[in-house]
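One file, protein.txt, is given below (compact mmCIF, C-alpha atoms).
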```
# COMPACT_ATOMS: atom_id res chain seq x y z
CA MET A 1 -43.53 71.20 3.45
CA LYS A 2 -46.89 71.36 5.18
CA VAL A 3 -47.64 68.88 7.97
CA SER A 4 -51.12 67.82 9.07
CA ILE A 5 -51.36 66.49 12.63
CA VAL A 6 -54.50 64.46 13.25
CA THR A 7 -55.72 64.06 16.84
CA CYS A 8 -58.72 61.89 17.65
CA THR A 9 -60.68 62.95 20.73
CA TRP A 10 -63.56 61.74 22.82
CA ASN A 11 -63.88 63.30 26.29
CA SER A 12 -60.14 63.93 26.20
CA ARG A 13 -60.01 67.00 28.44
CA GLN A 14 -57.68 65.38 31.00
CA PHE A 15 -54.67 64.77 28.75
CA LEU A 16 -55.33 66.85 25.63
CA PRO A 17 -53.63 70.04 26.94
CA ALA A 18 -50.21 68.36 26.86
CA ALA A 19 -50.74 67.15 23.29
CA MET A 20 -51.93 70.56 22.13
CA ASP A 21 -49.11 72.40 23.87
CA SER A 22 -46.49 70.13 22.32
CA VAL A 23 -47.87 70.92 18.86
CA ARG A 24 -48.24 74.61 19.62
CA ARG A 25 -44.53 74.82 20.54
CA GLN A 26 -43.21 73.24 17.32
CA THR A 27 -40.74 75.46 15.49
CA HIS A 28 -41.92 74.27 12.08
CA ALA A 29 -44.26 76.98 10.83
CA ASP A 30 -46.52 75.18 8.36
CA ILE A 31 -48.66 72.89 10.54
CA GLU A 32 -52.41 72.32 10.44
CA CYS A 33 -54.19 70.55 13.30
CA ILE A 34 -57.17 68.32 12.60
CA PHE A 35 -59.25 67.19 15.56
CA VAL A 36 -61.62 64.28 14.96
CA ASP A 37 -64.14 64.21 17.79
CA GLY A 38 -66.52 61.41 18.67
CA GLY A 39 -69.01 63.56 20.59
CA SER A 40 -67.20 65.00 23.60
CA ASP A 41 -69.17 66.71 26.35
CA ASP A 42 -66.45 67.27 28.98
CA GLY A 43 -64.97 70.54 27.72
CA THR A 44 -62.75 68.97 25.06
CA LEU A 45 -64.31 70.98 22.24
CA GLU A 46 -64.02 74.24 24.16
CA LEU A 47 -60.35 73.47 24.80
CA ILE A 48 -59.72 72.82 21.12
CA GLU A 49 -61.06 76.29 20.31
CA THR A 50 -58.04 77.75 22.15
CA MET A 51 -55.57 76.16 19.69
CA GLU A 52 -53.17 78.76 18.33
CA ARG A 53 -52.33 76.85 15.17
CA PRO A 54 -54.65 76.61 12.13
CA PHE A 55 -57.13 73.85 12.94
CA LYS A 56 -60.23 72.01 11.81
CA VAL A 57 -62.69 70.05 13.95
CA LEU A 58 -64.64 67.09 12.58
CA HIS A 59 -67.65 66.58 14.84
CA GLY A 60 -69.51 63.42 15.79
CA VAL A 61 -67.28 60.91 14.01
CA ARG A 62 -68.23 57.44 15.21
CA GLY A 63 -67.26 53.93 14.18
CA GLY A 64 -63.94 53.34 15.89
CA ILE A 65 -60.43 54.76 15.93
CA SER A 66 -59.49 53.53 12.44
CA ARG A 67 -62.44 55.33 10.89
CA ALA A 68 -61.67 58.46 12.90
CA MET A 69 -58.05 58.48 11.73
CA ASN A 70 -59.15 57.95 8.13
CA GLU A 71 -61.58 60.87 8.38
CA GLY A 72 -58.69 63.01 9.60
CA LEU A 73 -56.60 61.85 6.64
CA HIS A 74 -59.39 62.78 4.22
CA ALA A 75 -59.56 66.27 5.71
CA ALA A 76 -55.79 66.79 5.68
CA THR A 77 -54.18 69.15 3.17
CA GLY A 78 -50.58 68.71 4.29
CA ASP A 79 -47.78 67.03 2.37
CA VAL A 80 -47.11 64.87 5.43
CA VAL A 81 -49.60 63.42 7.91
CA ALA A 82 -49.00 62.40 11.53
CA HIS A 83 -51.46 60.95 14.03
CA LEU A 84 -50.90 62.18 17.57
CA HIS A 85 -53.48 60.75 19.94
CA SER A 86 -54.98 63.04 22.54
CA ASP A 87 -53.09 61.44 25.44
CA ASP A 88 -49.66 61.51 23.73
CA PHE A 89 -47.33 64.43 23.06
CA TYR A 90 -44.15 65.44 21.24
CA LEU A 91 -41.03 65.50 23.37
CA HIS A 92 -39.30 68.61 22.06
CA ASP A 93 -39.97 71.70 19.98
CA THR A 94 -38.15 70.64 16.79
CA VAL A 95 -39.74 67.20 16.28
CA VAL A 96 -41.73 68.22 13.20
CA ALA A 97 -38.88 70.35 11.79
CA ASP A 98 -36.43 67.46 12.19
CA VAL A 99 -38.75 65.01 10.45
CA VAL A 100 -39.46 67.42 7.60
CA ALA A 101 -35.72 67.98 7.10
CA ALA A 102 -35.16 64.23 6.95
CA LEU A 103 -37.95 63.65 4.43
CA GLU A 104 -37.01 66.61 2.25
CA GLY A 105 -33.51 65.21 1.86
CA CYS A 106 -34.57 61.91 0.32
CA ALA A 107 -37.25 60.09 -1.69
CA ALA A 108 -38.63 58.10 1.27
CA GLY A 109 -42.37 58.28 1.77
CA TRP A 110 -42.40 57.90 5.54
CA ALA A 111 -40.29 58.32 8.65
CA PHE A 112 -40.35 57.21 12.26
CA GLY A 113 -38.44 57.73 15.48
CA ARG A 114 -38.65 56.30 18.96
CA ILE A 115 -40.85 57.07 21.98
CA VAL A 116 -40.72 57.16 25.73
CA ASN A 117 -43.55 55.75 27.82
CA VAL A 118 -45.36 57.88 30.39
CA ILE A 119 -46.39 55.73 33.34
CA GLU A 120 -48.01 57.38 36.36
CA GLY A 121 -46.61 60.73 35.26
CA ARG A 122 -43.02 59.53 34.82
CA GLN A 123 -41.19 59.27 31.50
CA VAL A 124 -39.77 55.77 31.16
CA PRO A 125 -37.51 54.56 28.30
CA GLU A 126 -38.77 51.85 25.99
CA SER A 127 -38.41 48.42 27.55
CA PHE A 128 -36.73 46.90 24.49
CA THR A 129 -34.12 47.83 21.90
CA ALA A 130 -35.65 48.16 18.46
CA PRO A 131 -33.85 46.17 15.75
CA PRO A 132 -32.36 47.84 12.68
CA TYR A 133 -35.19 48.44 10.23
CA SER A 134 -35.99 45.91 7.53
CA ARG A 135 -39.28 44.60 6.24
CA GLU A 136 -38.27 41.15 7.44
CA ALA A 137 -37.68 42.48 10.96
CA LEU A 138 -41.01 44.31 10.88
CA LEU A 139 -42.79 41.10 9.93
CA ARG A 140 -41.41 39.50 13.07
CA ARG A 141 -42.54 42.32 15.37
CA ASN A 142 -44.14 45.73 15.22
CA PHE A 143 -41.41 48.01 16.55
CA ILE A 144 -42.64 51.22 14.87
CA PRO A 145 -44.34 53.53 17.40
CA HIS A 146 -47.45 55.24 16.09
CA PRO A 147 -46.99 58.67 17.79
CA ALA A 148 -43.49 59.00 16.28
CA THR A 149 -44.45 58.14 12.68
CA PHE A 150 -44.93 60.61 9.83
CA VAL A 151 -46.16 59.62 6.35
CA ARG A 152 -46.35 61.54 3.10
CA ARG A 153 -50.05 62.02 2.40
CA ASP A 154 -49.88 60.58 -1.12
CA TRP A 155 -48.23 57.42 0.26
CA MET A 156 -50.87 57.14 2.96
CA GLU A 157 -53.67 57.52 0.43
CA ALA A 158 -52.08 55.04 -1.99
CA ALA A 159 -51.77 52.51 0.84
CA GLY A 160 -55.49 52.90 1.56
CA GLY A 161 -55.32 54.40 5.06
CA PHE A 162 -56.24 52.34 8.11
CA ASP A 163 -58.25 49.11 7.94
CA VAL A 164 -61.53 49.83 9.74
CA GLY A 165 -61.98 46.11 10.40
CA LEU A 166 -59.04 46.12 12.82
CA ARG A 167 -59.30 47.27 16.42
CA TYR A 168 -55.71 47.02 17.67
CA ALA A 169 -53.25 46.35 14.84
CA MET A 170 -54.42 48.93 12.32
CA ASP A 171 -51.11 50.78 12.57
CA TYR A 172 -49.05 47.58 12.14
CA ASP A 173 -51.08 46.67 9.07
CA LEU A 174 -50.47 50.11 7.57
CA TRP A 175 -46.72 50.00 8.29
CA LEU A 176 -46.47 46.67 6.47
CA ARG A 177 -48.35 48.06 3.48
CA LEU A 178 -46.07 51.11 3.45
CA SER A 179 -42.98 48.92 3.79
CA ALA A 180 -43.97 47.11 0.59
CA ARG A 181 -43.76 50.48 -1.19
CA GLY A 182 -40.37 51.51 0.21
CA ASP A 183 -38.17 51.83 3.28
CA PRO A 184 -38.72 54.66 5.79
CA VAL A 185 -36.29 57.16 7.20
CA CYS A 186 -35.34 55.84 10.65
CA LEU A 187 -34.58 58.50 13.25
CA PRO A 188 -32.77 57.12 16.30
CA GLU A 189 -34.01 59.64 18.86
CA ALA A 190 -37.25 59.65 20.84
CA LEU A 191 -39.78 62.01 19.25
CA ALA A 192 -42.97 61.42 21.21
CA ALA A 193 -44.33 60.24 24.54
CA PHE A 194 -46.85 57.42 24.68
CA ARG A 195 -49.02 57.64 27.77
CA GLN A 196 -49.95 54.32 29.38
CA HIS A 197 -53.01 54.40 31.63
CA PRO A 198 -56.01 52.14 32.34
CA GLY A 199 -58.03 53.72 29.55
CA SER A 200 -55.46 53.16 26.81
CA LEU A 201 -56.67 50.50 24.41
CA SER A 202 -53.39 48.66 23.85
CA SER A 203 -52.62 48.55 27.56
CA SER A 204 -55.95 47.09 28.64
CA ASN A 205 -56.29 44.39 25.97
CA ARG A 206 -52.79 43.03 25.47
CA LEU A 207 -53.77 39.46 24.56
CA ALA A 208 -56.39 40.56 22.03
CA ALA A 209 -53.89 43.00 20.50
CA PHE A 210 -51.27 40.23 20.33
CA LEU A 211 -53.70 37.92 18.51
CA GLU A 212 -54.68 40.62 16.02
CA ASP A 213 -51.00 41.44 15.40
CA HIS A 214 -50.50 37.81 14.37
CA GLU A 215 -53.55 37.91 12.09
CA VAL A 216 -52.14 40.99 10.35
CA ARG A 217 -48.67 39.48 10.12
CA MET A 218 -49.97 36.40 8.34
CA ARG A 219 -51.71 38.62 5.77
CA HIS A 220 -48.34 40.01 4.73
CA VAL A 221 -45.95 37.07 5.09
CA GLY A 222 -46.67 35.70 1.63
CA PRO A 223 -47.58 32.22 0.41
CA GLY A 224 -44.28 30.42 1.17
CA LEU A 225 -44.99 27.44 3.44
CA LEU A 226 -41.71 27.60 5.38
CA ASP A 227 -42.10 31.31 6.12
CA ARG A 228 -45.67 30.81 7.29
CA LEU A 229 -44.69 27.88 9.49
CA GLU A 230 -41.84 29.88 11.02
CA HIS A 231 -44.14 32.77 11.94
CA ARG A 232 -46.77 30.36 13.27
CA ALA A 233 -44.18 28.64 15.49
CA ARG A 234 -42.91 31.97 16.81
CA PHE A 235 -46.51 32.98 17.56
CA MET A 236 -47.17 29.79 19.51
CA VAL A 237 -44.07 30.31 21.68
CA ARG A 238 -44.95 33.94 22.42
CA ARG A 239 -48.55 33.08 23.25
CA ALA A 240 -47.44 30.38 25.68
CA ARG A 241 -45.12 32.86 27.39
CA MET A 242 -47.89 35.43 27.71
CA ARG A 243 -50.27 32.92 29.26
CA SER A 244 -47.71 31.71 31.78
CA ALA A 245 -46.61 35.22 32.80
```
Let me see the file written as structure tokens.
Amino acid sequence: MKVSIVTCTWNSRQFLPAAMDSVRRQTHADIECIFVDGGSDDGTLELIETMERPFKVLHGVRGGISRAMNEGLHAATGDVVAHLHSDDFYLHDTVVADVVAALEGCAAGWAFGRIVNVIEGRQVPESFTAPPYSREALLRRNFIPHPATFVRRDWMEAAGGFDVGLRYAMDYDLWLRLSARGDPVCLPEALAAFRQHPGSLSSSNRLAAFLEDHEVRMRHVGPGLLDRLEHRARFMVRRARMRSA
């Protein structure tokens, strides 16, 4: 099973070496790397040329992260696609092999594991315990971490890729569309590290991301009045807590 790993870059020279090294060290043999670059001029492109795995570079891709990830998907030839951002990395050498083994053993179209956070250079466990997977639980909260998610390419294409109209919740929207097609394989262990720093989009715009999450959630809840009222009430409580924190 071939795996395409898509990494979006834009002046990513500071953190990209860790991401590249974690992919380089994977024991799974059949991996292609696709770098989608927005016009780097800090040495990122020269660094990419040192990649020891088969790779492609898409140059000058503008229009936001969703469009960049979609362009990577269009260029992918693997059976499975993962998106590993330039400031994240895989935690151990058998991540891809473990995911492939899990997907090959079943009919599921996608799989996800857990992450650790990297804060000021330290690996910190997730600050919450993810609930057992169900679509209903996912509608209440996005607990699926993007760097630890792998999707069969035909499922990703059938779902339509990422919504370019979203800035923060494009992954949540995709997970909900995938969940309508079928349940994922849920791996309990941490597969990837998510680096939190001032430049990370979700860290610097938490309220805007929270509001967009709710917008996406309401797209997928369905027309039932009671369900919609329940999600609206939960949103109001969470928003009040965020504003008083």
Sort by chain and increasing residue number a table of all residues of segment 120-161 of chain A within 10 Å of segment 206-225 of chain A, each with its closest pair of atoms and their distance in Å to one decimal, counting only C-alpha atoms, and write it as CSV.
```
residue,atom,partner,partner_atom,distance
A:Glu136,CA,A:Val221,CA,9.0
A:Leu138,CA,A:Arg217,CA,9.1
A:Leu139,CA,A:Arg217,CA,6.1
A:Arg140,CA,A:Arg217,CA,7.8
A:Arg141,CA,A:Asp213,CA,8.5
A:Asn142,CA,A:Asp213,CA,8.1
```
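In this structure, atom CA of Met1 of chain A sits 18.3 Å away from atom CA of Leu84 of chain A.
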re atom CA of Pro145 of chain A and atom CA of Glu52 of chain A: distance 26.7 Å
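Checking A:Arg241, A:Lys56, A:Val80, A:Ala18 one by one against Phe150 of chain A, counting only C-alpha atoms, you find the shortest gap at A:Val80.
Our summary of the geometry notes that atom CA of Val23 of chain A is positioned 8.0 Å from atom CA of Asp93 of chain A.
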For Thr27 of chain A, the nearest of the candidates A:Asp98, A:His74, A:Trp10, A:Ser40, counting all atoms listed in the file: A:Asp98
Show which residues sit within 8 Å of Val57 of chain A, as a PyMOL selection string. Count all atoms listed in the file, and ignore same-chain residues fewer than 5 positions away. chain A and resi 34-37
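Residues surrounding Gly161 of chain A within 10 Å are Ser66, Arg67, Met69, Asn70, Glu71, Leu73, His74, Arg153, Trp155, Met156, Glu157, Ala158, Ala159, Asp163, Val164, Met170, Asp171, Asp173, Leu174, Arg177 and Leu178 of chain A [only C-alpha atoms; sequence separation below 2 positions excluded].
The residue that comes closest to Ser12 of chain A, out of A:Pro54, A:Pro125, A:Ser86, A:His28 and on the basis of only C-alpha atoms, is A:Ser86.
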